[in-house]
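*Asks:* The structure file model-v5.txt (compact mmCIF, C-alpha atoms and all ligand atoms) is provided below.
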# COMPACT_ATOMS: atom_id res chain seq x y z
CA MET A 26 16.64 6.51 -78.71
CA PRO A 27 16.51 5.43 -82.38
CA GLN A 28 17.78 8.51 -84.24
CA GLN A 29 21.30 9.30 -82.98
CA VAL A 30 22.85 7.82 -86.12
CA ASP A 31 21.53 8.94 -89.51
CA PRO A 32 20.32 5.66 -91.05
CA PHE A 33 21.08 6.85 -94.57
CA VAL A 34 24.71 7.50 -93.62
CA THR A 35 24.79 3.93 -92.28
CA ALA A 36 23.29 2.59 -95.53
CA GLN A 37 25.87 4.47 -97.61
CA ARG A 38 28.78 3.30 -95.46
CA GLN A 39 27.67 -0.31 -95.81
CA LEU A 40 27.31 0.08 -99.57
CA ASP A 41 30.73 1.75 -99.98
CA GLN A 42 32.42 -1.23 -98.39
CA ALA A 43 30.65 -3.62 -100.78
CA CYS A 44 31.43 -1.49 -103.87
CA GLU A 45 35.12 -1.49 -102.98
CA LEU A 46 35.27 -5.26 -102.47
CA LEU A 47 33.40 -5.80 -105.74
CA GLY A 48 35.74 -3.40 -107.55
CA LEU A 49 32.84 -1.39 -109.03
CA SER A 50 33.64 1.78 -110.98
CA ASP A 51 33.40 5.19 -109.31
CA ALA A 52 30.43 6.06 -111.52
CA MET A 53 28.57 2.91 -110.53
CA GLN A 54 29.25 3.53 -106.83
CA GLN A 55 28.11 7.14 -107.15
CA PHE A 56 24.89 6.00 -108.86
CA LEU A 57 24.10 3.29 -106.29
CA ARG A 58 24.77 5.64 -103.32
CA VAL A 59 21.75 7.86 -103.97
CA PRO A 60 18.06 7.47 -104.86
CA MET A 61 17.10 7.69 -108.53
CA ARG A 62 14.01 9.76 -107.65
CA GLU A 63 12.40 11.23 -104.56
CA HIS A 64 9.10 12.92 -103.91
CA ARG A 65 8.12 15.09 -100.93
CA PHE A 66 4.71 16.61 -100.46
CA SER A 67 2.62 18.27 -97.79
CA LEU A 68 -0.71 16.71 -96.93
CA PRO A 69 -3.32 19.06 -95.45
CA LEU A 70 -5.92 17.09 -93.54
CA GLN A 71 -9.15 18.01 -91.83
CA MET A 72 -9.25 16.36 -88.41
CA ASP A 73 -12.44 15.06 -86.78
CA ASP A 74 -12.79 18.22 -84.65
CA GLY A 75 -12.91 20.38 -87.79
CA SER A 76 -9.36 21.78 -87.42
CA TYR A 77 -6.67 21.32 -90.08
CA GLN A 78 -3.23 19.74 -89.71
CA VAL A 79 -0.52 19.58 -92.34
CA PHE A 80 1.56 16.39 -92.58
CA GLU A 81 4.74 15.76 -94.53
CA GLY A 82 4.76 12.80 -96.94
CA TYR A 83 7.53 11.07 -98.88
CA ARG A 84 8.06 8.46 -101.57
CA VAL A 85 11.59 7.52 -102.56
CA GLN A 86 12.23 5.36 -105.63
CA TYR A 87 15.77 4.31 -104.89
CA ASN A 88 16.56 2.04 -107.81
CA ASP A 89 14.41 0.27 -110.37
CA ALA A 90 17.03 -1.33 -112.61
CA ARG A 91 15.81 -4.87 -111.75
CA GLY A 92 12.09 -4.08 -111.85
CA PRO A 93 9.45 -1.68 -110.49
CA ALA A 94 10.34 0.00 -107.19
CA LYS A 95 8.94 -1.87 -104.18
CA GLY A 96 8.66 -1.08 -100.50
CA GLY A 97 6.40 -0.11 -97.66
CA ILE A 98 4.91 3.11 -96.33
CA ARG A 99 5.63 4.00 -92.71
CA PHE A 100 3.41 6.25 -90.58
CA HIS A 101 5.63 7.36 -87.69
CA PRO A 102 6.16 10.55 -85.64
CA GLU A 103 9.93 10.38 -86.20
CA GLU A 104 9.81 9.67 -89.92
CA THR A 105 12.28 11.79 -91.91
CA ILE A 106 13.39 11.88 -95.54
CA SER A 107 16.69 10.40 -94.42
CA THR A 108 15.05 7.36 -92.84
CA VAL A 109 12.95 6.86 -95.96
CA ARG A 110 16.06 7.05 -98.17
CA ALA A 111 17.85 4.45 -96.06
CA LEU A 112 14.84 2.16 -96.02
CA ALA A 113 14.48 2.55 -99.80
CA ALA A 114 18.15 1.64 -100.29
CA TRP A 115 17.73 -1.43 -98.09
CA MET A 116 14.65 -2.42 -100.13
CA THR A 117 16.83 -2.34 -103.27
CA TRP A 118 19.34 -4.75 -101.72
CA LYS A 119 16.49 -6.81 -100.24
CA THR A 120 14.68 -7.58 -103.48
CA ALA A 121 18.06 -8.31 -105.10
CA VAL A 122 19.31 -10.67 -102.39
CA VAL A 123 16.16 -12.80 -102.62
CA ASP A 124 16.32 -12.41 -106.40
CA ILE A 125 12.77 -11.25 -107.11
CA PRO A 126 12.32 -9.04 -110.19
CA LEU A 127 11.71 -5.78 -108.34
CA GLY A 128 13.66 -2.67 -107.37
CA GLY A 129 13.59 -0.73 -104.11
CA GLY A 130 11.50 2.15 -102.80
CA LYS A 131 9.96 3.38 -99.58
CA GLY A 132 7.43 5.91 -98.41
CA GLY A 133 6.25 7.53 -95.26
CA VAL A 134 4.28 10.21 -93.49
CA THR A 135 5.51 12.01 -90.37
CA CYS A 136 2.48 11.54 -88.11
CA ASN A 137 1.38 9.80 -84.93
CA PRO A 138 -1.19 7.20 -86.03
CA LYS A 139 -1.75 6.13 -82.41
CA ALA A 140 -3.32 9.54 -81.76
CA MET A 141 -5.55 9.48 -84.86
CA THR A 142 -9.07 8.15 -85.32
CA MET A 143 -9.98 5.60 -88.00
CA GLY A 144 -11.65 8.37 -90.02
CA GLU A 145 -8.53 10.56 -89.85
CA LEU A 146 -6.30 7.63 -90.82
CA GLU A 147 -8.52 6.79 -93.78
CA ARG A 148 -8.44 10.40 -95.04
CA LEU A 149 -4.66 10.55 -94.59
CA SER A 150 -4.19 7.25 -96.44
CA ARG A 151 -6.38 8.38 -99.33
CA ALA A 152 -4.63 11.77 -99.47
CA TYR A 153 -1.25 10.01 -99.58
CA MET A 154 -2.38 7.89 -102.52
CA ARG A 155 -3.75 10.95 -104.36
CA HIS A 156 -0.27 12.50 -104.12
CA VAL A 157 1.59 9.44 -105.41
CA ALA A 158 -1.01 8.02 -107.84
CA HIS A 159 0.88 9.40 -110.86
CA ILE A 160 4.19 7.81 -109.83
CA VAL A 161 3.06 4.39 -108.52
CA GLY A 162 1.40 1.46 -110.29
CA PRO A 163 1.92 -2.30 -110.70
CA ASP A 164 4.60 -1.62 -113.34
CA ARG A 165 6.17 1.45 -111.67
CA ASP A 166 6.30 1.35 -107.91
CA ILE A 167 4.33 -0.85 -105.53
CA PRO A 168 3.89 0.28 -101.89
CA ALA A 169 3.11 -2.05 -98.96
CA PRO A 170 2.75 -1.91 -95.17
CA ASP A 171 5.58 -0.95 -92.82
CA VAL A 172 5.68 0.33 -89.24
CA TYR A 173 2.13 1.38 -88.14
CA THR A 174 0.48 0.81 -91.53
CA THR A 175 -1.98 -2.04 -91.85
CA PRO A 176 -3.88 -4.19 -94.41
CA GLN A 177 -6.87 -1.84 -93.92
CA ILE A 178 -4.69 1.13 -94.90
CA MET A 179 -3.53 -0.78 -97.99
CA ALA A 180 -7.19 -1.44 -98.91
CA TRP A 181 -8.06 2.29 -98.68
CA MET A 182 -5.05 3.19 -100.78
CA MET A 183 -5.88 0.56 -103.40
CA ASP A 184 -9.46 1.81 -103.54
CA GLU A 185 -8.31 5.41 -103.99
CA TYR A 186 -5.94 4.38 -106.80
CA GLU A 187 -8.65 2.38 -108.57
CA THR A 188 -11.05 5.30 -108.23
CA ILE A 189 -8.51 7.66 -109.80
CA THR A 190 -7.59 5.31 -112.66
CA GLY A 191 -11.06 3.81 -113.18
CA ARG A 192 -9.56 0.33 -113.38
CA HIS A 193 -9.18 -2.73 -111.19
CA LEU A 194 -5.46 -2.77 -110.47
CA PRO A 195 -4.99 -4.48 -107.09
CA GLY A 196 -1.30 -5.08 -107.85
CA VAL A 197 -0.63 -1.36 -107.21
CA ILE A 198 -0.14 -2.16 -103.53
CA THR A 199 0.51 -5.30 -101.48
CA GLY A 200 -0.21 -6.44 -97.95
CA LYS A 201 -3.94 -6.03 -98.65
CA PRO A 202 -6.54 -7.92 -96.60
CA VAL A 203 -7.02 -11.52 -97.81
CA SER A 204 -10.68 -10.71 -98.47
CA LEU A 205 -9.64 -7.93 -100.87
CA ALA A 206 -7.03 -9.31 -103.28
CA GLY A 207 -4.44 -10.02 -100.58
CA SER A 208 -2.39 -13.20 -100.39
CA LEU A 209 -2.69 -15.92 -97.82
CA GLY A 210 0.49 -15.98 -95.73
CA ARG A 211 1.34 -12.25 -96.07
CA GLY A 212 0.49 -11.50 -92.42
CA ASP A 213 3.30 -13.51 -90.83
CA ALA A 214 5.63 -13.52 -93.87
CA THR A 215 8.36 -11.26 -92.44
CA ALA A 216 8.67 -13.33 -89.27
CA ARG A 217 8.31 -16.65 -91.09
CA GLY A 218 11.03 -15.71 -93.59
CA GLY A 219 13.35 -14.81 -90.68
CA VAL A 220 12.62 -18.12 -88.97
CA TYR A 221 13.44 -19.97 -92.21
CA VAL A 222 16.79 -18.11 -92.31
CA VAL A 223 17.57 -19.09 -88.70
CA ARG A 224 16.57 -22.69 -89.49
CA GLU A 225 18.90 -22.80 -92.52
CA ALA A 226 21.67 -21.16 -90.51
CA SER A 227 21.38 -23.67 -87.67
CA ARG A 228 21.61 -26.49 -90.23
CA ALA A 229 24.63 -24.93 -91.93
CA LEU A 230 26.37 -24.25 -88.61
CA GLY A 231 25.44 -27.66 -87.17
CA LEU A 232 23.46 -26.22 -84.22
CA ASP A 233 20.31 -27.72 -82.71
CA LEU A 234 18.23 -24.82 -81.41
CA HIS A 235 15.52 -27.01 -79.89
CA GLY A 236 14.97 -26.05 -76.23
CA HIS A 237 17.31 -23.04 -76.48
CA THR A 238 16.28 -19.49 -75.63
CA ALA A 239 15.28 -16.42 -77.62
CA ALA A 240 14.45 -12.77 -76.92
CA ILE A 241 12.39 -10.42 -79.09
CA GLN A 242 12.79 -6.63 -79.06
CA GLY A 243 9.66 -5.03 -80.59
CA TYR A 244 6.17 -6.47 -80.54
CA GLY A 245 4.46 -5.28 -83.70
CA ASN A 246 3.64 -7.53 -86.65
CA ALA A 247 7.09 -9.12 -86.97
CA GLY A 248 7.73 -9.44 -83.22
CA GLN A 249 4.39 -11.06 -82.40
CA HIS A 250 4.57 -13.53 -85.26
CA VAL A 251 8.19 -14.49 -84.63
CA HIS A 252 7.25 -15.25 -81.03
CA ALA A 253 4.78 -17.93 -82.12
CA LEU A 254 6.79 -19.21 -85.09
CA SER A 255 10.17 -19.53 -83.37
CA GLY A 256 8.53 -21.92 -80.91
CA GLU A 257 6.49 -23.75 -83.52
CA LEU A 258 9.17 -24.16 -86.20
CA LEU A 259 12.45 -24.05 -84.28
CA GLY A 260 11.54 -25.24 -80.77
CA LEU A 261 12.96 -22.03 -79.26
CA ARG A 262 11.80 -20.87 -75.81
CA VAL A 263 11.12 -17.13 -75.84
CA ILE A 264 12.15 -15.82 -72.41
CA ALA A 265 11.81 -12.07 -73.01
CA VAL A 266 9.83 -9.72 -75.25
CA SER A 267 9.47 -5.94 -75.28
CA ASP A 268 7.62 -3.06 -76.93
CA SER A 269 8.04 0.72 -76.80
CA GLN A 270 6.71 0.78 -73.20
CA GLY A 271 9.25 -1.77 -71.86
CA GLY A 272 9.74 -5.51 -71.65
CA ILE A 273 8.85 -8.69 -69.77
CA TYR A 274 10.96 -11.68 -68.75
CA CYS A 275 10.17 -15.25 -67.68
CA GLU A 276 12.86 -17.95 -67.56
CA LYS A 277 10.32 -20.74 -68.18
CA GLY A 278 9.19 -19.09 -71.42
CA ILE A 279 6.44 -16.61 -72.37
CA ASP A 280 3.29 -17.81 -74.08
CA ALA A 281 2.90 -16.10 -77.47
CA ALA A 282 -0.92 -16.07 -77.51
CA ALA A 283 -1.12 -14.70 -73.94
CA ALA A 284 1.42 -11.92 -74.66
CA ALA A 285 -0.36 -10.90 -77.89
CA ALA A 286 -3.76 -10.87 -76.14
CA HIS A 287 -2.35 -8.79 -73.25
CA LYS A 288 -0.90 -6.27 -75.72
CA ARG A 289 -4.20 -6.08 -77.60
CA GLU A 290 -6.13 -5.43 -74.38
CA THR A 291 -3.74 -3.08 -72.55
CA GLY A 292 -1.62 -1.58 -75.35
CA SER A 293 1.60 -3.16 -74.05
CA VAL A 294 3.18 -6.49 -73.13
CA ARG A 295 4.11 -5.01 -69.75
CA GLY A 296 2.35 -6.48 -66.74
CA LEU A 297 1.59 -9.88 -68.30
CA PRO A 298 0.84 -12.12 -65.28
CA GLY A 299 3.69 -14.52 -64.43
CA THR A 300 6.43 -12.30 -65.88
CA GLU A 301 8.92 -9.81 -64.43
CA ALA A 302 9.53 -6.33 -65.84
CA ILE A 303 12.74 -5.83 -67.82
CA SER A 304 13.96 -2.82 -69.77
CA ASN A 305 14.57 -2.82 -73.52
CA ALA A 306 18.29 -2.30 -72.81
CA GLU A 307 18.42 -5.32 -70.47
CA LEU A 308 16.60 -7.48 -72.99
CA LEU A 309 19.21 -6.79 -75.66
CA GLU A 310 21.97 -8.01 -73.33
CA LEU A 311 20.40 -11.34 -72.29
CA PRO A 312 22.48 -14.52 -72.88
CA VAL A 313 20.08 -16.06 -75.41
CA ALA A 314 20.71 -18.35 -78.37
CA VAL A 315 18.83 -16.03 -80.74
CA LEU A 316 17.99 -12.35 -80.40
CA PHE A 317 15.37 -10.94 -82.76
CA PRO A 318 15.47 -7.12 -83.00
CA ALA A 319 12.02 -6.43 -84.46
CA ALA A 320 11.38 -2.72 -83.88
CA LEU A 321 13.24 0.31 -85.25
CA GLU A 322 16.72 1.51 -86.29
CA ASN A 323 19.84 2.01 -84.15
CA VAL A 324 19.17 -0.16 -81.10
CA ILE A 325 22.44 -2.12 -81.26
CA THR A 326 25.25 0.44 -81.13
CA GLU A 327 28.84 0.78 -79.92
CA HIS A 328 27.35 1.60 -76.50
CA ASN A 329 25.81 -1.83 -75.88
CA ALA A 330 27.29 -4.27 -78.44
CA ASP A 331 30.16 -5.08 -76.10
CA ARG A 332 27.78 -6.24 -73.39
CA MET A 333 25.58 -8.36 -75.66
CA ARG A 334 25.58 -12.09 -74.99
CA ALA A 335 23.29 -13.47 -77.72
CA LYS A 336 24.91 -16.14 -79.91
CA MET A 337 22.90 -15.23 -83.00
CA VAL A 338 21.17 -12.00 -84.00
CA ALA A 339 18.41 -12.29 -86.60
CA GLU A 340 17.38 -8.77 -87.67
CA LEU A 341 13.67 -8.48 -88.42
CA ALA A 342 13.75 -4.69 -88.06
CA ASN A 343 15.38 -2.55 -90.72
CA GLY A 344 18.69 -0.99 -89.65
CA PRO A 345 18.77 -2.04 -85.98
CA THR A 346 22.58 -2.29 -85.87
CA THR A 347 25.11 0.48 -86.50
CA PRO A 348 28.35 -0.26 -88.44
CA GLU A 349 30.44 0.16 -85.25
CA ALA A 350 28.30 -2.41 -83.46
CA ASP A 351 28.56 -4.75 -86.45
CA ASP A 352 32.35 -4.79 -86.08
CA ILE A 353 32.18 -5.39 -82.33
CA LEU A 354 29.74 -8.30 -82.73
CA PHE A 355 31.77 -9.90 -85.53
CA ASP A 356 34.94 -9.71 -83.39
CA LYS A 357 33.06 -11.31 -80.48
CA GLY A 358 31.99 -14.20 -82.71
CA VAL A 359 28.27 -13.33 -82.73
CA THR A 360 26.63 -14.50 -85.96
CA LEU A 361 24.34 -11.77 -87.29
CA PHE A 362 21.85 -12.25 -90.11
CA PRO A 363 21.26 -8.84 -91.62
CA ASP A 364 17.94 -7.06 -92.01
CA PHE A 365 17.63 -7.03 -95.76
CA MET A 366 18.16 -10.79 -95.95
CA CYS A 367 16.50 -11.84 -92.70
CA ASN A 368 13.34 -9.73 -93.06
CA ALA A 369 12.88 -10.25 -96.81
CA GLY A 370 9.99 -12.67 -96.25
CA GLY A 371 7.54 -9.75 -96.23
CA VAL A 372 8.48 -8.43 -99.63
CA THR A 373 8.79 -11.96 -101.00
CA VAL A 374 5.15 -12.70 -100.20
CA SER A 375 4.27 -9.19 -101.42
CA TYR A 376 5.77 -10.24 -104.74
CA LEU A 377 3.74 -13.47 -104.66
CA GLU A 378 0.66 -11.36 -103.94
CA GLN A 379 1.38 -9.22 -107.01
CA VAL A 380 1.84 -12.30 -109.19
CA GLN A 381 -1.55 -13.60 -108.00
CA ASN A 382 -3.14 -10.17 -108.63
CA ALA A 383 -1.73 -10.06 -112.15
CA SER A 384 -3.14 -13.49 -113.03
CA ASN A 385 -6.32 -12.94 -110.96
CA TYR A 386 -5.88 -16.45 -109.55
CA TYR A 387 -5.15 -17.20 -105.90
CA TRP A 388 -2.96 -19.85 -104.27
CA THR A 389 -3.30 -21.97 -101.14
CA LEU A 390 -1.39 -21.18 -97.96
CA ALA A 391 0.77 -24.25 -98.52
CA GLN A 392 1.78 -23.00 -101.98
CA VAL A 393 2.75 -19.59 -100.57
CA HIS A 394 4.79 -21.17 -97.74
CA GLU A 395 6.58 -23.48 -100.13
CA ARG A 396 7.61 -20.63 -102.44
CA LEU A 397 8.63 -18.40 -99.52
CA ASP A 398 10.71 -21.22 -98.02
CA ALA A 399 12.46 -21.92 -101.32
CA THR A 400 13.23 -18.22 -101.87
CA MET A 401 14.58 -17.58 -98.36
CA SER A 402 16.60 -20.80 -98.31
CA ARG A 403 18.19 -19.96 -101.66
CA ALA A 404 19.07 -16.45 -100.48
CA PHE A 405 20.60 -17.77 -97.27
CA GLU A 406 22.66 -20.31 -99.17
CA ALA A 407 24.05 -17.71 -101.60
CA VAL A 408 24.96 -15.31 -98.78
CA HIS A 409 26.35 -17.98 -96.45
CA ARG A 410 28.58 -19.31 -99.22
CA VAL A 411 30.16 -15.87 -99.76
CA ALA A 412 30.48 -15.27 -95.99
CA SER A 413 32.24 -18.62 -95.48
CA GLU A 414 34.51 -18.35 -98.52
CA ARG A 415 35.64 -14.82 -97.73
CA GLN A 416 35.43 -15.10 -93.92
CA ILE A 417 33.36 -11.92 -93.73
CA PRO A 418 30.20 -10.98 -91.80
CA HIS A 419 26.90 -12.06 -93.31
CA ARG A 420 25.86 -8.42 -93.76
CA LEU A 421 28.79 -7.69 -96.02
CA ALA A 422 28.30 -11.01 -97.84
CA ALA A 423 24.62 -10.14 -98.43
CA TYR A 424 25.68 -6.74 -99.80
CA LEU A 425 28.13 -8.41 -102.19
CA VAL A 426 25.43 -10.73 -103.54
CA ALA A 427 22.77 -8.00 -103.83
CA VAL A 428 24.87 -5.10 -105.12
CA GLU A 429 26.46 -7.28 -107.77
CA ARG A 430 22.99 -8.19 -109.09
CA VAL A 431 21.81 -4.56 -109.17
CA ALA A 432 25.07 -3.38 -110.78
CA GLU A 433 24.72 -6.09 -113.41
CA ALA A 434 21.21 -4.89 -114.31
CA VAL A 435 22.45 -1.29 -114.50
CA THR A 436 25.27 -2.41 -116.81
CA ILE A 437 23.12 -4.62 -119.05
CA ARG A 438 20.63 -1.77 -119.45
CA GLY A 439 23.53 0.32 -120.68
CA TRP A 440 23.12 3.02 -118.01
CA ILE A 441 26.74 2.63 -116.87
CA ARG A 442 28.86 0.22 -118.85
N1 LIG A 501 7.87 -2.96 -95.26
C1 LIG A 501 8.34 -4.30 -95.51
C2 LIG A 501 9.86 -4.32 -95.60
O1 LIG A 501 10.54 -3.46 -95.07
C3 LIG A 501 7.63 -4.95 -96.69
C4 LIG A 501 7.85 -4.29 -98.02
C5 LIG A 501 6.97 -4.86 -99.14
O2 LIG A 501 6.28 -5.83 -98.92
O3 LIG A 501 7.03 -4.27 -100.21
O4 LIG A 501 10.43 -5.23 -96.14
Written as structure tokens, how would this file's structure read?
*Replies:*
Amino acid sequence: MPQQVDPFVTAQRQLDQACELLGLSDAMQQFLRVPMREHRFSLPLQMDDGSYQVFEGYRVQYNDARGPAKGGIRFHPEETISTVRALAAWMTWKTAVVDIPLGGGKGGVTCNPKAMTMGELERLSRAYMRHVAHIVGPDRDIPAPDVYTTPQIMAWMMDEYETITGRHLPGVITGKPVSLAGSLGRGDATARGGVYVVREASRALGLDLHGHTAAIQGYGNAGQHVHALSGELLGLRVIAVSDSQGGIYCEKGIDAAAAAAHKRETGSVRGLPGTEAISNAELLELPVAVLFPAALENVITEHNADRMRAKMVAELANGPTTPEADDILFDKGVTLFPDFMCNAGGVTVSYLEQVQNASNYYWTLAQVHERLDATMSRAFEAVHRVASERQIPHRLAAYLVAVERVAEAVTIRGWIR
């Protein structure tokens, strides 16, 4: 389902609209529409059975005008250079909208990590780092986890980099295990940041979400954590969740710990006792107060946006909504908080992790939460102000805030005056 629309075409269309409203020059628009650098490489790997497979790897450094490139590495069977470009563009707008001194990048390997052993994954992770070691670094480009990459994978990659350079440089990569130069609070940061955005939005819009319903599409890191946190911090009742195998529904609410345990044991949320089966498509159309898309690109399109009945959409995935669907939802009065603002909690705590690595001094969980909360709340306020003043969707408002900041850095550097 995800790949009918090229995500990079979507990213460029969104950017074009912002450049026009901001009145940026043609040269600036042309520069911001494409990555500054991209790297593609083939990774030969010996599998456990002795055979060899060749994987394709990518690292795109989209824009580093505001600071070193920053963004995750995705291991996914459908990964393409186009997806990586789009994700790298969104990282550029993401670090800008939350105003952290970093640029945007993204990486990936086309592979199926679910079908690989731990040994194979470790060798692939180390091989990936060997290919990018000369272009990454704490002051160049800092990778992190994304879909199907984990703190353990970050630890292997950090170790490989330190072996190559002969130095302790944990800030080369973020999302590391807490026991190995990671930050407290990185694990649930993407979901927590999104929950802070929804909290600020409900305050700004004068809504009390307590006791209202939510649905979550996708049950990886972001989906599982937002399940627990939306109950804990917002009082929302999660009535449906799904993963790539399908979804479950229970009007009384689904227990976050039970759903996570069931997924750990069986590989899916499906079949959790006390719930009914529901399809991913049905879940997206439920009449909930808040819908959290937390999986992959292109799930909200012109084919289903019309039937959607959520009041608010808080995008934890990157690129879940196509431009056509954006227009339909805005016309229907659905308030949508866009990916690169709503899911910026992950990279924000990644940045905090890097700051701690650089000073070799580590903070408490409360300190991390406080800084994350302040950053997300400030970003929401800046975007909401523009959306209200101009009467435009929050996605476009977020683009205006972010693109203006990146363009300003490009101008001040003297690249395009
Ligand atoms: N992959 C995450 C994202 O899309 C985190 C990136 C990071 O921490 O650098 O925002």
*Asks:* Nearest residue to A:Ser384 out of A:Gly292, A:Gly196, A:Gly96, A:Gly256, using all atoms listed in the file?
*Replies:*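 For A:Ser384, the nearest of the candidates is A:Gly196.
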*Asks:* Given only C-alpha atoms as the basis, pick out the residue of A:Met61, A:Val134, A:Met154, A:Ala319 nearest to A:Glu81.
*Replies:*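 Using only C-alpha atoms, A:Glu81 sits closest to A:Val134.
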*Asks:* Extract, using all atoms listed in the file, all DNA, RNA and protein residues at most 7 Å from A:Pro202, discarding same-chain residues fewer than 3 positions from it, and format them as a PyMOL selection string.
*Replies:* chain A and resi 176-177+180+205-207
*Asks:* Each residue of chain A with at least one atom at most 7 Å from ligand LIG 501 (chain A) should appear once, together with its nearest atom pair and the corresponding distance in Å (one decimal); atoms considered: all atoms listed in the file; ordering: chain, then increasing residue number; output as a Markdown table.
*Replies:*
| residue | atom | partner | partner_atom | distance |
| --- | --- | --- | --- | --- |
| A:Lys95 | CA | A:LIG501 | O3 | 5.0 |
| A:Gly96 | CA | A:LIG501 | O3 | 3.6 |
| A:Gly97 | CA | A:LIG501 | N1 | 4.0 |
| A:Ile98 | CA | A:LIG501 | N1 | 6.8 |
| A:Met116 | CA | A:LIG501 | O4 | 6.5 |
| A:Ile167 | CA | A:LIG501 | O3 | 6.9 |
| A:Pro168 | CA | A:LIG501 | O3 | 5.8 |
| A:Ala169 | CA | A:LIG501 | O3 | 4.7 |
| A:Pro170 | CA | A:LIG501 | N1 | 5.2 |
| A:Asp171 | CA | A:LIG501 | N1 | 3.9 |
| A:Thr199 | CA | A:LIG501 | O2 | 6.3 |
| A:Gly200 | CA | A:LIG501 | O2 | 6.6 |
| A:Asn343 | CA | A:LIG501 | O1 | 6.6 |
| A:Asn368 | CA | A:LIG501 | O4 | 6.2 |
| A:Ala369 | CA | A:LIG501 | O4 | 5.6 |
| A:Gly371 | CA | A:LIG501 | C3 | 4.8 |
| A:Val372 | CA | A:LIG501 | O2 | 3.5 |
| A:Thr373 | CA | A:LIG501 | O2 | 6.9 |
| A:Ser375 | CA | A:LIG501 | O2 | 4.6 |
*Asks:* Just give me the gap between atom CA of A:Gly231 and atom CA of A:Asn246 in Å, one decimal is fine.
*Replies:*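 A separation of 29.7 Å between them.
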*Asks:* Nearest to A:Thr326: which of A:Ala229, A:Val30, A:Leu209, A:Ala158 is it, counting only C-alpha atoms?
*Replies:*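 Using only C-alpha atoms, A:Thr326 sits closest to A:Val30.
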*Asks:* I'd like the contact shell of A:Ile279 - 12 Å cut-off, only C-alpha atoms, skipping same-chain residues fewer than 4 positions apart - returned as a PyMOL selection string.
*Replies:* chain A and resi 238-241+249+252-253+255-256+261-267+272-275+283-285+287+294+297-301
*Asks:* Sort by chain and increasing residue number a table of all residues of stretch 243-337 of chain A within 8 Å of stretch 220-228 of chain A, each with its closest pair of atoms and their distance in Å to one decimal, counting only C-alpha atoms, and write it as CSV.
*Replies:*
residue,atom,partner,partner_atom,distance
A:Val251,CA,A:Val220,CA,7.2
A:Leu254,CA,A:Val220,CA,7.1
A:Ser255,CA,A:Val220,CA,6.3
A:Leu258,CA,A:Val220,CA,7.5
A:Leu259,CA,A:Arg224,CA,6.8
